[in-house]
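This is upload-v6.pdb. It holds PDB, C-alpha atoms, pLDDT in the B column.
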```pdb
ATOM      1  CA  LEU A   1     -64.834 -49.996  16.739  1.00 60.00           C
ATOM      2  CA  ALA A   2     -62.686 -49.966  19.827  1.00 65.00           C
ATOM      3  CA  LYS A   3     -60.536 -46.934  20.351  1.00 79.00           C
ATOM      4  CA  THR A   4     -57.617 -48.721  21.962  1.00 88.00           C
ATOM      5  CA  THR A   5     -54.649 -50.573  20.482  1.00 89.00           C
ATOM      6  CA  GLN A   6     -52.524 -53.156  22.282  1.00 95.00           C
ATOM      7  CA  PRO A   7     -49.974 -55.794  21.285  1.00 96.00           C
ATOM      8  CA  ILE A   8     -51.753 -59.013  20.382  1.00 96.00           C
ATOM      9  CA  SER A   9     -49.552 -61.230  22.501  1.00 97.00           C
ATOM     10  CA  MET A  10     -46.609 -61.240  24.883  1.00 97.00           C
ATOM     11  CA  ASP A  11     -44.501 -63.950  26.450  1.00 97.00           C
ATOM     12  CA  SER A  12     -42.751 -63.748  29.770  1.00 97.00           C
ATOM     13  CA  TYR A  13     -41.164 -65.967  32.410  1.00 98.00           C
ATOM     14  CA  GLU A  14     -42.064 -66.419  36.020  1.00 97.00           C
ATOM     15  CA  GLY A  15     -40.655 -63.750  38.279  1.00 97.00           C
ATOM     16  CA  GLN A  16     -40.213 -61.145  35.559  1.00 97.00           C
ATOM     17  CA  GLU A  17     -41.898 -57.769  35.392  1.00 97.00           C
ATOM     18  CA  VAL A  18     -44.304 -57.413  32.487  1.00 98.00           C
ATOM     19  CA  ASN A  19     -45.300 -54.107  30.934  1.00 98.00           C
ATOM     20  CA  ILE A  20     -48.225 -53.943  28.530  1.00 98.00           C
ATOM     21  CA  THR A  21     -48.815 -50.696  26.697  1.00 97.00           C
ATOM     22  CA  CYS A  22     -52.107 -49.487  25.319  1.00 95.00           C
ATOM     23  CA  SER A  23     -52.590 -46.646  22.846  1.00 94.00           C
ATOM     24  CA  HIS A  24     -55.654 -44.433  23.097  1.00 89.00           C
ATOM     25  CA  ASN A  25     -54.823 -41.451  20.918  1.00 85.00           C
ATOM     26  CA  ASN A  26     -58.272 -39.910  20.969  1.00 82.00           C
ATOM     27  CA  ILE A  27     -59.098 -40.291  24.629  1.00 86.00           C
ATOM     28  CA  ALA A  28     -61.722 -37.854  25.864  1.00 84.00           C
ATOM     29  CA  THR A  29     -61.179 -35.492  28.756  1.00 85.00           C
ATOM     30  CA  ASN A  30     -63.649 -37.326  30.966  1.00 82.00           C
ATOM     31  CA  ASP A  31     -62.423 -40.835  30.134  1.00 84.00           C
ATOM     32  CA  TYR A  32     -60.677 -42.948  32.709  1.00 88.00           C
ATOM     33  CA  ILE A  33     -58.413 -45.807  31.676  1.00 91.00           C
ATOM     34  CA  THR A  34     -59.292 -49.172  33.090  1.00 91.00           C
ATOM     35  CA  TRP A  35     -57.522 -52.498  32.708  1.00 94.00           C
ATOM     36  CA  TYR A  36     -59.206 -55.864  32.943  1.00 94.00           C
ATOM     37  CA  GLN A  37     -57.927 -59.427  33.101  1.00 97.00           C
ATOM     38  CA  GLN A  38     -59.776 -62.354  31.593  1.00 97.00           C
ATOM     39  CA  PHE A  39     -59.229 -66.074  32.010  1.00 97.00           C
ATOM     40  CA  PRO A  40     -60.795 -68.577  29.584  1.00 93.00           C
ATOM     41  CA  SER A  41     -64.538 -69.049  30.041  1.00 93.00           C
ATOM     42  CA  GLN A  42     -64.758 -66.351  32.713  1.00 95.00           C
ATOM     43  CA  GLY A  43     -65.919 -62.773  32.772  1.00 95.00           C
ATOM     44  CA  PRO A  44     -63.263 -60.044  32.841  1.00 95.00           C
ATOM     45  CA  ARG A  45     -61.939 -58.952  36.201  1.00 93.00           C
ATOM     46  CA  PHE A  46     -60.993 -55.402  37.160  1.00 91.00           C
ATOM     47  CA  ILE A  47     -57.263 -54.860  37.705  1.00 94.00           C
ATOM     48  CA  ILE A  48     -56.627 -51.150  37.974  1.00 93.00           C
ATOM     49  CA  GLN A  49     -57.894 -47.786  36.859  1.00 91.00           C
ATOM     50  CA  GLY A  50     -56.346 -44.352  36.476  1.00 92.00           C
ATOM     51  CA  TYR A  51     -56.766 -40.913  34.987  1.00 92.00           C
ATOM     52  CA  LYS A  52     -53.205 -39.589  34.860  1.00 90.00           C
ATOM     53  CA  THR A  53     -49.709 -40.122  36.310  1.00 90.00           C
ATOM     54  CA  LYS A  54     -49.253 -43.298  38.314  1.00 95.00           C
ATOM     55  CA  VAL A  55     -51.594 -45.548  40.204  1.00 95.00           C
ATOM     56  CA  THR A  56     -50.555 -48.594  42.205  1.00 96.00           C
ATOM     57  CA  ASN A  57     -52.547 -51.279  43.957  1.00 95.00           C
ATOM     58  CA  GLU A  58     -51.755 -54.684  45.395  1.00 94.00           C
ATOM     59  CA  VAL A  59     -51.578 -56.396  42.006  1.00 94.00           C
ATOM     60  CA  ALA A  60     -50.360 -53.850  39.457  1.00 97.00           C
ATOM     61  CA  SER A  61     -49.230 -50.357  38.605  1.00 97.00           C
ATOM     62  CA  LEU A  62     -50.590 -48.131  35.895  1.00 97.00           C
ATOM     63  CA  PHE A  63     -48.536 -45.418  34.270  1.00 97.00           C
ATOM     64  CA  ILE A  64     -50.217 -42.691  32.268  1.00 96.00           C
ATOM     65  CA  PRO A  65     -48.168 -39.906  30.642  1.00 95.00           C
ATOM     66  CA  ALA A  66     -49.249 -36.286  30.710  1.00 94.00           C
ATOM     67  CA  ASP A  67     -50.791 -36.392  27.231  1.00 93.00           C
ATOM     68  CA  ARG A  68     -52.862 -39.480  28.225  1.00 93.00           C
ATOM     69  CA  LYS A  69     -52.562 -40.940  24.736  1.00 93.00           C
ATOM     70  CA  SER A  70     -51.205 -44.181  26.108  1.00 94.00           C
ATOM     71  CA  SER A  71     -51.014 -46.155  29.304  1.00 95.00           C
ATOM     72  CA  THR A  72     -48.807 -48.952  30.567  1.00 97.00           C
ATOM     73  CA  LEU A  73     -49.913 -51.749  32.835  1.00 98.00           C
ATOM     74  CA  SER A  74     -47.063 -53.099  34.911  1.00 98.00           C
ATOM     75  CA  LEU A  75     -47.284 -56.520  36.534  1.00 98.00           C
ATOM     76  CA  PRO A  76     -44.440 -57.121  38.981  1.00 95.00           C
ATOM     77  CA  ARG A  77     -42.951 -60.611  39.249  1.00 94.00           C
ATOM     78  CA  VAL A  78     -45.530 -62.510  37.217  1.00 97.00           C
ATOM     79  CA  SER A  79     -46.439 -66.099  37.963  1.00 97.00           C
ATOM     80  CA  LEU A  80     -47.964 -68.841  35.828  1.00 97.00           C
ATOM     81  CA  SER A  81     -51.401 -67.850  37.092  1.00 97.00           C
ATOM     82  CA  ASP A  82     -51.048 -64.450  35.429  1.00 97.00           C
ATOM     83  CA  THR A  83     -51.408 -66.111  32.027  1.00 98.00           C
ATOM     84  CA  ALA A  84     -54.534 -64.433  30.686  1.00 98.00           C
ATOM     85  CA  VAL A  85     -55.818 -61.830  28.264  1.00 98.00           C
ATOM     86  CA  TYR A  86     -55.479 -58.221  29.367  1.00 98.00           C
ATOM     87  CA  TYR A  87     -57.698 -55.461  28.051  1.00 95.00           C
ATOM     88  CA  CYS A  88     -57.457 -51.714  28.375  1.00 93.00           C
ATOM     89  CA  LEU A  89     -60.578 -49.644  28.108  1.00 90.00           C
ATOM     90  CA  GLU A  90     -61.326 -45.952  27.890  1.00 84.00           C
ATOM     91  CA  ASP A  91     -63.859 -46.584  30.567  1.00 66.00           C
ATOM     92  CA  ASN A  92     -66.508 -43.987  30.312  1.00 63.00           C
ATOM     93  CA  ASN A  93     -69.396 -44.221  27.936  1.00 65.00           C
ATOM     94  CA  ASP A  94     -67.839 -46.388  25.268  1.00 69.00           C
ATOM     95  CA  MET A  95     -67.548 -49.963  26.460  1.00 80.00           C
ATOM     96  CA  ARG A  96     -66.161 -51.516  23.284  1.00 84.00           C
ATOM     97  CA  PHE A  97     -63.217 -53.784  23.942  1.00 88.00           C
ATOM     98  CA  GLY A  98     -60.175 -53.952  21.736  1.00 88.00           C
ATOM     99  CA  ALA A  99     -58.432 -57.184  20.861  1.00 91.00           C
ATOM    100  CA  GLY A 100     -56.554 -57.355  24.146  1.00 95.00           C
ATOM    101  CA  THR A 101     -53.096 -58.720  24.870  1.00 97.00           C
ATOM    102  CA  ARG A 102     -52.669 -62.435  25.421  1.00 97.00           C
ATOM    103  CA  LEU A 103     -49.952 -62.826  28.048  1.00 98.00           C
ATOM    104  CA  THR A 104     -48.302 -66.212  28.399  1.00 98.00           C
ATOM    105  CA  VAL A 105     -46.101 -66.754  31.427  1.00 98.00           C
ATOM    106  CA  LYS A 106     -43.675 -69.620  31.117  1.00 97.00           C
ATOM    107  CA  PRO A 107     -41.915 -71.499  33.899  1.00 95.00           C
TER     108      PRO A 107
ATOM    109  CA  GLY B   1     -65.769 -55.587  44.960  1.00 65.00           C
ATOM    110  CA  ALA B   2     -69.314 -55.690  43.707  1.00 80.00           C
ATOM    111  CA  VAL B   3     -70.776 -58.997  42.557  1.00 90.00           C
ATOM    112  CA  VAL B   4     -72.657 -59.694  39.362  1.00 94.00           C
ATOM    113  CA  SER B   5     -74.236 -63.078  38.774  1.00 96.00           C
ATOM    114  CA  GLN B   6     -75.537 -64.733  35.642  1.00 97.00           C
ATOM    115  CA  HIS B   7     -77.976 -67.550  35.271  1.00 97.00           C
ATOM    116  CA  PRO B   8     -77.695 -70.078  33.833  1.00 97.00           C
ATOM    117  CA  SER B   9     -73.951 -70.585  33.631  1.00 97.00           C
ATOM    118  CA  TRP B  10     -74.457 -72.822  30.631  1.00 97.00           C
ATOM    119  CA  VAL B  11     -77.372 -73.901  28.491  1.00 97.00           C
ATOM    120  CA  ILE B  12     -77.899 -76.262  25.581  1.00 97.00           C
ATOM    121  CA  CYS B  13     -80.969 -75.818  23.448  1.00 96.00           C
ATOM    122  CA  LYS B  14     -82.439 -76.958  20.163  1.00 97.00           C
ATOM    123  CA  SER B  15     -82.428 -74.775  17.103  1.00 97.00           C
ATOM    124  CA  GLY B  16     -85.527 -72.598  16.919  1.00 97.00           C
ATOM    125  CA  THR B  17     -86.102 -72.304  20.645  1.00 97.00           C
ATOM    126  CA  SER B  18     -85.661 -69.194  22.778  1.00 97.00           C
ATOM    127  CA  VAL B  19     -83.276 -68.880  25.684  1.00 97.00           C
ATOM    128  CA  LYS B  20     -83.329 -66.318  28.478  1.00 97.00           C
ATOM    129  CA  ILE B  21     -80.183 -65.310  30.357  1.00 98.00           C
ATOM    130  CA  GLU B  22     -80.410 -63.357  33.595  1.00 97.00           C
ATOM    131  CA  CYS B  23     -77.880 -60.871  34.902  1.00 96.00           C
ATOM    132  CA  ARG B  24     -78.136 -59.660  38.492  1.00 95.00           C
ATOM    133  CA  SER B  25     -76.173 -57.156  40.505  1.00 92.00           C
ATOM    134  CA  LEU B  26     -76.171 -58.716  43.957  1.00 91.00           C
ATOM    135  CA  ASP B  27     -74.909 -55.978  46.256  1.00 86.00           C
ATOM    136  CA  PHE B  28     -75.357 -52.765  44.353  1.00 85.00           C
ATOM    137  CA  GLN B  29     -77.830 -51.046  42.105  1.00 87.00           C
ATOM    138  CA  ALA B  30     -76.894 -51.058  38.448  1.00 87.00           C
ATOM    139  CA  THR B  31     -78.101 -48.045  36.553  1.00 85.00           C
ATOM    140  CA  THR B  32     -76.451 -49.371  33.421  1.00 89.00           C
ATOM    141  CA  MET B  33     -75.898 -52.908  32.220  1.00 92.00           C
ATOM    142  CA  PHE B  34     -73.976 -54.107  29.196  1.00 93.00           C
ATOM    143  CA  TRP B  35     -74.283 -57.324  27.233  1.00 96.00           C
ATOM    144  CA  TYR B  36     -71.353 -58.836  25.401  1.00 96.00           C
ATOM    145  CA  ARG B  37     -70.814 -61.860  23.214  1.00 97.00           C
ATOM    146  CA  GLN B  38     -67.494 -63.623  22.919  1.00 97.00           C
ATOM    147  CA  PHE B  39     -66.483 -66.270  20.410  1.00 96.00           C
ATOM    148  CA  PRO B  40     -63.514 -68.569  21.065  1.00 93.00           C
ATOM    149  CA  LYS B  41     -60.127 -66.827  20.959  1.00 91.00           C
ATOM    150  CA  GLN B  42     -61.789 -63.488  20.268  1.00 94.00           C
ATOM    151  CA  SER B  43     -62.398 -60.347  22.250  1.00 94.00           C
ATOM    152  CA  LEU B  44     -65.658 -59.348  23.854  1.00 94.00           C
ATOM    153  CA  MET B  45     -68.076 -57.795  21.424  1.00 94.00           C
ATOM    154  CA  LEU B  46     -70.511 -55.277  22.844  1.00 94.00           C
ATOM    155  CA  MET B  47     -74.059 -56.149  21.859  1.00 96.00           C
ATOM    156  CA  ALA B  48     -76.110 -53.558  23.697  1.00 94.00           C
ATOM    157  CA  THR B  49     -76.253 -51.070  26.525  1.00 91.00           C
ATOM    158  CA  SER B  50     -79.290 -50.880  28.742  1.00 90.00           C
ATOM    159  CA  ASN B  51     -80.271 -48.264  31.267  1.00 86.00           C
ATOM    160  CA  GLU B  52     -82.816 -49.112  33.917  1.00 83.00           C
ATOM    161  CA  GLY B  53     -86.319 -48.306  32.832  1.00 82.00           C
ATOM    162  CA  SER B  54     -85.505 -47.471  29.242  1.00 84.00           C
ATOM    163  CA  LYS B  55     -85.012 -49.322  25.989  1.00 88.00           C
ATOM    164  CA  ALA B  56     -81.664 -50.852  25.248  1.00 92.00           C
ATOM    165  CA  THR B  57     -79.289 -49.291  22.745  1.00 92.00           C
ATOM    166  CA  TYR B  58     -78.024 -51.915  20.339  1.00 95.00           C
ATOM    167  CA  GLU B  59     -74.703 -51.907  18.552  1.00 93.00           C
ATOM    168  CA  GLN B  60     -74.667 -51.817  14.794  1.00 93.00           C
ATOM    169  CA  GLY B  61     -75.281 -55.230  13.320  1.00 94.00           C
ATOM    170  CA  VAL B  62     -77.017 -56.653  16.394  1.00 95.00           C
ATOM    171  CA  GLU B  63     -80.646 -57.545  15.712  1.00 94.00           C
ATOM    172  CA  LYS B  64     -82.809 -56.116  18.457  1.00 93.00           C
ATOM    173  CA  ASP B  65     -85.709 -58.412  17.579  1.00 95.00           C
ATOM    174  CA  LYS B  66     -83.504 -61.450  17.966  1.00 96.00           C
ATOM    175  CA  PHE B  67     -81.685 -60.388  21.120  1.00 97.00           C
ATOM    176  CA  LEU B  68     -84.341 -58.995  23.428  1.00 95.00           C
ATOM    177  CA  ILE B  69     -82.998 -57.060  26.395  1.00 94.00           C
ATOM    178  CA  ASN B  70     -85.047 -56.044  29.380  1.00 91.00           C
ATOM    179  CA  HIS B  71     -83.676 -53.959  32.253  1.00 88.00           C
ATOM    180  CA  ALA B  72     -86.772 -53.671  34.388  1.00 82.00           C
ATOM    181  CA  SER B  73     -85.097 -53.060  37.735  1.00 89.00           C
ATOM    182  CA  LEU B  74     -81.864 -51.718  39.155  1.00 88.00           C
ATOM    183  CA  THR B  75     -80.620 -55.224  39.896  1.00 92.00           C
ATOM    184  CA  LEU B  76     -81.820 -57.334  36.992  1.00 93.00           C
ATOM    185  CA  SER B  77     -81.359 -57.383  33.241  1.00 94.00           C
ATOM    186  CA  THR B  78     -82.323 -60.222  30.934  1.00 95.00           C
ATOM    187  CA  LEU B  79     -81.162 -61.189  27.471  1.00 97.00           C
ATOM    188  CA  THR B  80     -83.470 -63.426  25.456  1.00 97.00           C
ATOM    189  CA  VAL B  81     -82.063 -65.080  22.369  1.00 97.00           C
ATOM    190  CA  THR B  82     -85.133 -65.735  20.243  1.00 97.00           C
ATOM    191  CA  SER B  83     -85.307 -68.534  17.689  1.00 96.00           C
ATOM    192  CA  ALA B  84     -81.754 -69.531  18.430  1.00 97.00           C
ATOM    193  CA  HIS B  85     -79.592 -71.058  15.717  1.00 96.00           C
ATOM    194  CA  PRO B  86     -76.211 -72.800  15.889  1.00 97.00           C
ATOM    195  CA  GLU B  87     -74.430 -69.581  14.886  1.00 96.00           C
ATOM    196  CA  ASP B  88     -75.764 -67.991  18.075  1.00 97.00           C
ATOM    197  CA  SER B  89     -73.683 -70.425  20.102  1.00 97.00           C
ATOM    198  CA  SER B  90     -71.293 -68.268  22.074  1.00 97.00           C
ATOM    199  CA  PHE B  91     -70.232 -67.059  25.504  1.00 98.00           C
ATOM    200  CA  TYR B  92     -72.537 -64.280  26.691  1.00 98.00           C
ATOM    201  CA  ILE B  93     -71.268 -61.917  29.373  1.00 98.00           C
ATOM    202  CA  CYS B  94     -73.059 -59.117  31.149  1.00 97.00           C
ATOM    203  CA  SER B  95     -71.624 -56.274  33.162  1.00 94.00           C
ATOM    204  CA  ALA B  96     -73.129 -53.661  35.420  1.00 92.00           C
ATOM    205  CA  ARG B  97     -72.184 -50.356  36.925  1.00 86.00           C
ATOM    206  CA  ASP B  98     -73.581 -47.537  39.035  1.00 78.00           C
ATOM    207  CA  ARG B  99     -72.154 -44.128  38.369  1.00 67.00           C
ATOM    208  CA  ARG B 100     -74.604 -42.022  40.281  1.00 66.00           C
ATOM    209  CA  ILE B 101     -72.088 -41.351  43.016  1.00 62.00           C
ATOM    210  CA  ARG B 102     -68.651 -41.822  41.427  1.00 66.00           C
ATOM    211  CA  PRO B 103     -68.373 -41.106  37.684  1.00 62.00           C
ATOM    212  CA  GLU B 104     -65.285 -43.259  37.411  1.00 64.00           C
ATOM    213  CA  ASP B 105     -66.772 -46.409  38.921  1.00 70.00           C
ATOM    214  CA  GLU B 106     -65.830 -49.385  36.836  1.00 76.00           C
ATOM    215  CA  GLN B 107     -68.148 -51.989  35.422  1.00 84.00           C
ATOM    216  CA  PHE B 108     -68.381 -55.346  37.166  1.00 90.00           C
ATOM    217  CA  PHE B 109     -68.672 -58.430  35.037  1.00 94.00           C
ATOM    218  CA  GLY B 110     -70.712 -61.543  35.455  1.00 96.00           C
ATOM    219  CA  PRO B 111     -69.152 -64.995  35.097  1.00 97.00           C
ATOM    220  CA  GLY B 112     -70.667 -65.531  31.661  1.00 97.00           C
ATOM    221  CA  THR B 113     -73.186 -67.950  30.147  1.00 98.00           C
ATOM    222  CA  ARG B 114     -72.147 -70.569  27.635  1.00 97.00           C
ATOM    223  CA  LEU B 115     -74.904 -71.068  25.060  1.00 98.00           C
ATOM    224  CA  THR B 116     -74.801 -74.062  22.744  1.00 97.00           C
ATOM    225  CA  VAL B 117     -77.482 -74.366  20.095  1.00 97.00           C
ATOM    226  CA  LEU B 118     -77.821 -77.780  18.516  1.00 96.00           C
TER     227      LEU B 118
END
```

Step by step, read the file and then write its structure as structure tokens.
Amino acid sequence: LAKTTQPISMDSYEGQEVNITCSHNNIATNDYITWYQQFPSQGPRFIIQGYKTKVTNEVASLFIPADRKSSTLSLPRVSLSDTAVYYCLEDNNDMRFGAGTRLTVKP
Amino acid sequence: GAVVSQHPSWVICKSGTSVKIECRSLDFQATTMFWYRQFPKQSLMLMATSNEGSKATYEQGVEKDKFLINHASLTLSTLTVTSAHPEDSSFYICSARDRRIRPEDEQFFGPGTRLTVL
């Protein structure tokens, strides 16, 4: 069974900031947290990865509190093309995916 | 980022036949490869983990004699669905990673293979 929990779905509108939170209460000391994006009939695509505090790249930010029991993926100013399923993973030795969050961006 | 390819991208076969799916890491050496299966509107389900040169570790409920995995080199892993049946129709995805240098290196996913068994 996957160790992560996320909301099943979220709706947003173009131009808004979207925050998706993932719970990983039993994360191991050597686990990183990685987020992936998946479009229909495609393999998942890496978005961002972090261990603690905040990480930012050209597409997203990742916030991880000190206790590391959760993480929040932040997508600034989403567009229609960001409609996809987003997965968080305790990306070390356990590669089991949770249900993911289906994000729908509306015009 | 690193590139992982899969071949074929889709395949249709008759019930009872075997199908082989290839997964290649094109620009890096993959010490570990993962095979997933995904049904429509569902998440990826891990089938097995394979390390180069050793036998694959299968997840509970996945028949190792039906889903044969071979990871003979650092750039190639194959999944053979033996005696395929319609219920094996699914989207099969592989991923690969190399953590010999950086322990946090993420896995890179292939584009997937759509298998339809008639």

B:Asn51, B:Thr116, B:Ser89, B:Gln107: which is nearest B:Arg37, counting all atoms listed in the file?
B:Ser89

Convert the output of the ChimeraX specification (/B :<6) & /A on the shown file into explicit residues, formatted as a list of chain:residue names.
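For this structure, the ChimeraX specification (/B :<6) & /A resolves to A:Gln42, A:Gly43, A:Arg96, A:Ala99.
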
Check which residues satisfy the PyMOL selection byres ((chain A and resi 88) around 9) in the file shown, then give them as a ChimeraX atom specification.
/A:4-6,21-23,33-36,71,73,86-87,89-91,97-98,100-101

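Applied to the file shown here, the PyMOL selection byres ((chain A and resi 83) around 6) selects Leu80, Ser81, Asp82, Ala84, Leu103, Thr104 and Val105 of chain A.
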
Go ahead and dump the residues you just picked, C-alpha atoms, as a tab-separated table (two decimals), keeping the file's coordinate frame.
```
chain	number	residue	atom	x	y	z
A	80	LEU	CA	-47.96	-68.84	35.83
A	81	SER	CA	-51.40	-67.85	37.09
A	82	ASP	CA	-51.05	-64.45	35.43
A	84	ALA	CA	-54.53	-64.43	30.69
A	103	LEU	CA	-49.95	-62.83	28.05
A	104	THR	CA	-48.30	-66.21	28.40
A	105	VAL	CA	-46.10	-66.75	31.43
```

Identify which of the residues B:His85, B:Lys55, B:Lys64, B:His71 lies closest to B:Gly16, counting all atoms listed in the file when measuring atom-to-atom distances.
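Among B:His85, B:Lys55, B:Lys64, B:His71, it is B:His85 that comes nearest to B:Gly16.
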
As a check of understanding: the span from atom CA of B:Ser18 to atom CA of B:Trp35 is 17.0 Å

Straight-line distance linking atom CA of A:Arg45 with atom CA of B:Ile12, stated in Å to one decimal:
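So the answer is 25.8 Å.
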
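If you look at atom CA of B:Ser9 and atom CA of A:Val85, they are 20.8 Å away from each other.
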
Which residue out of A:Pro107, A:Arg102, A:Lys52, A:Asn30 has the minimum interatomic distance to A:Asp67 when all atoms listed in the file are used?
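Between A:Pro107, A:Arg102, A:Lys52, A:Asn30, the residue approaching A:Asp67 most closely is A:Lys52.
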
Measuring atom to atom with all atoms listed in the file, identify which of B:Ser15, B:Thr82, B:Ser77, B:Ser50 is nearest to B:Asp65.
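Smallest separation from B:Asp65 among the options: B:Thr82.
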
Give the answer as one residue: which of B:Val3, B:Val19, B:Met33, B:Cys13 has the shortest atom-to-atom distance to B:Arg97, using all atoms listed in the file?
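Using all atoms listed in the file, the shortest distance to B:Arg97 belongs to B:Met33.
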
Shell of 8 Å around B:Lys14, only C-alpha atoms, local chain residues under 4 positions omitted, as a VMD selection string
chain B and resid 84 to 85 117 to 118

As a list of chain:residue names, please: the residues near B:His7 (cut-off 8 Å, only C-alpha atoms, same-chain neighbours under 5 positions excluded).
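My list of contacting residues is B:Ile21, B:Glu22, B:Cys23, B:Thr113.
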
Using the selection just defined, write its residues with C-alpha atoms as a PDB file, keeping the file's coordinate frame.
```pdb
ATOM      1  CA  ILE B  21     -80.183 -65.310  30.357  1.00 98.00           C
ATOM      2  CA  GLU B  22     -80.410 -63.357  33.595  1.00 97.00           C
ATOM      3  CA  CYS B  23     -77.880 -60.871  34.902  1.00 96.00           C
ATOM      4  CA  THR B 113     -73.186 -67.950  30.147  1.00 98.00           C
TER       5      THR B 113
END
```

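The shortest atom-to-atom distance to A:Asp31, with all atoms listed in the file taken into account, belongs to A:Tyr51 out of A:Ser70, A:Tyr51, A:Tyr13, A:Lys3.
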
Axis-aligned box for all listed atoms of stretch 5-12 of chain A, 8 Å per side, centre and edges in Å to one decimal, as JSON:
```
{"center_x": -48.7, "center_y": -57.3, "center_z": 25.1, "size_x": 27.9, "size_y": 29.4, "size_z": 25.4}
```

Taking (-49.9, -59.0, 41.0) in the file's coordinates, which residues come within 8 Å, counting all atoms listed in the file, written as a PDB file with C-alpha atoms, in the coordinates of the input?
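The file below, point.pdb, is the result:
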```
ATOM      1  CA  GLU A  58     -51.755 -54.684  45.395  1.00 94.00           C
ATOM      2  CA  VAL A  59     -51.578 -56.396  42.006  1.00 94.00           C
ATOM      3  CA  ALA A  60     -50.360 -53.850  39.457  1.00 97.00           C
ATOM      4  CA  LEU A  75     -47.284 -56.520  36.534  1.00 98.00           C
ATOM      5  CA  PRO A  76     -44.440 -57.121  38.981  1.00 95.00           C
ATOM      6  CA  ARG A  77     -42.951 -60.611  39.249  1.00 94.00           C
ATOM      7  CA  VAL A  78     -45.530 -62.510  37.217  1.00 97.00           C
ATOM      8  CA  ASP A  82     -51.048 -64.450  35.429  1.00 97.00           C
TER       9      ASP A  82
END
```
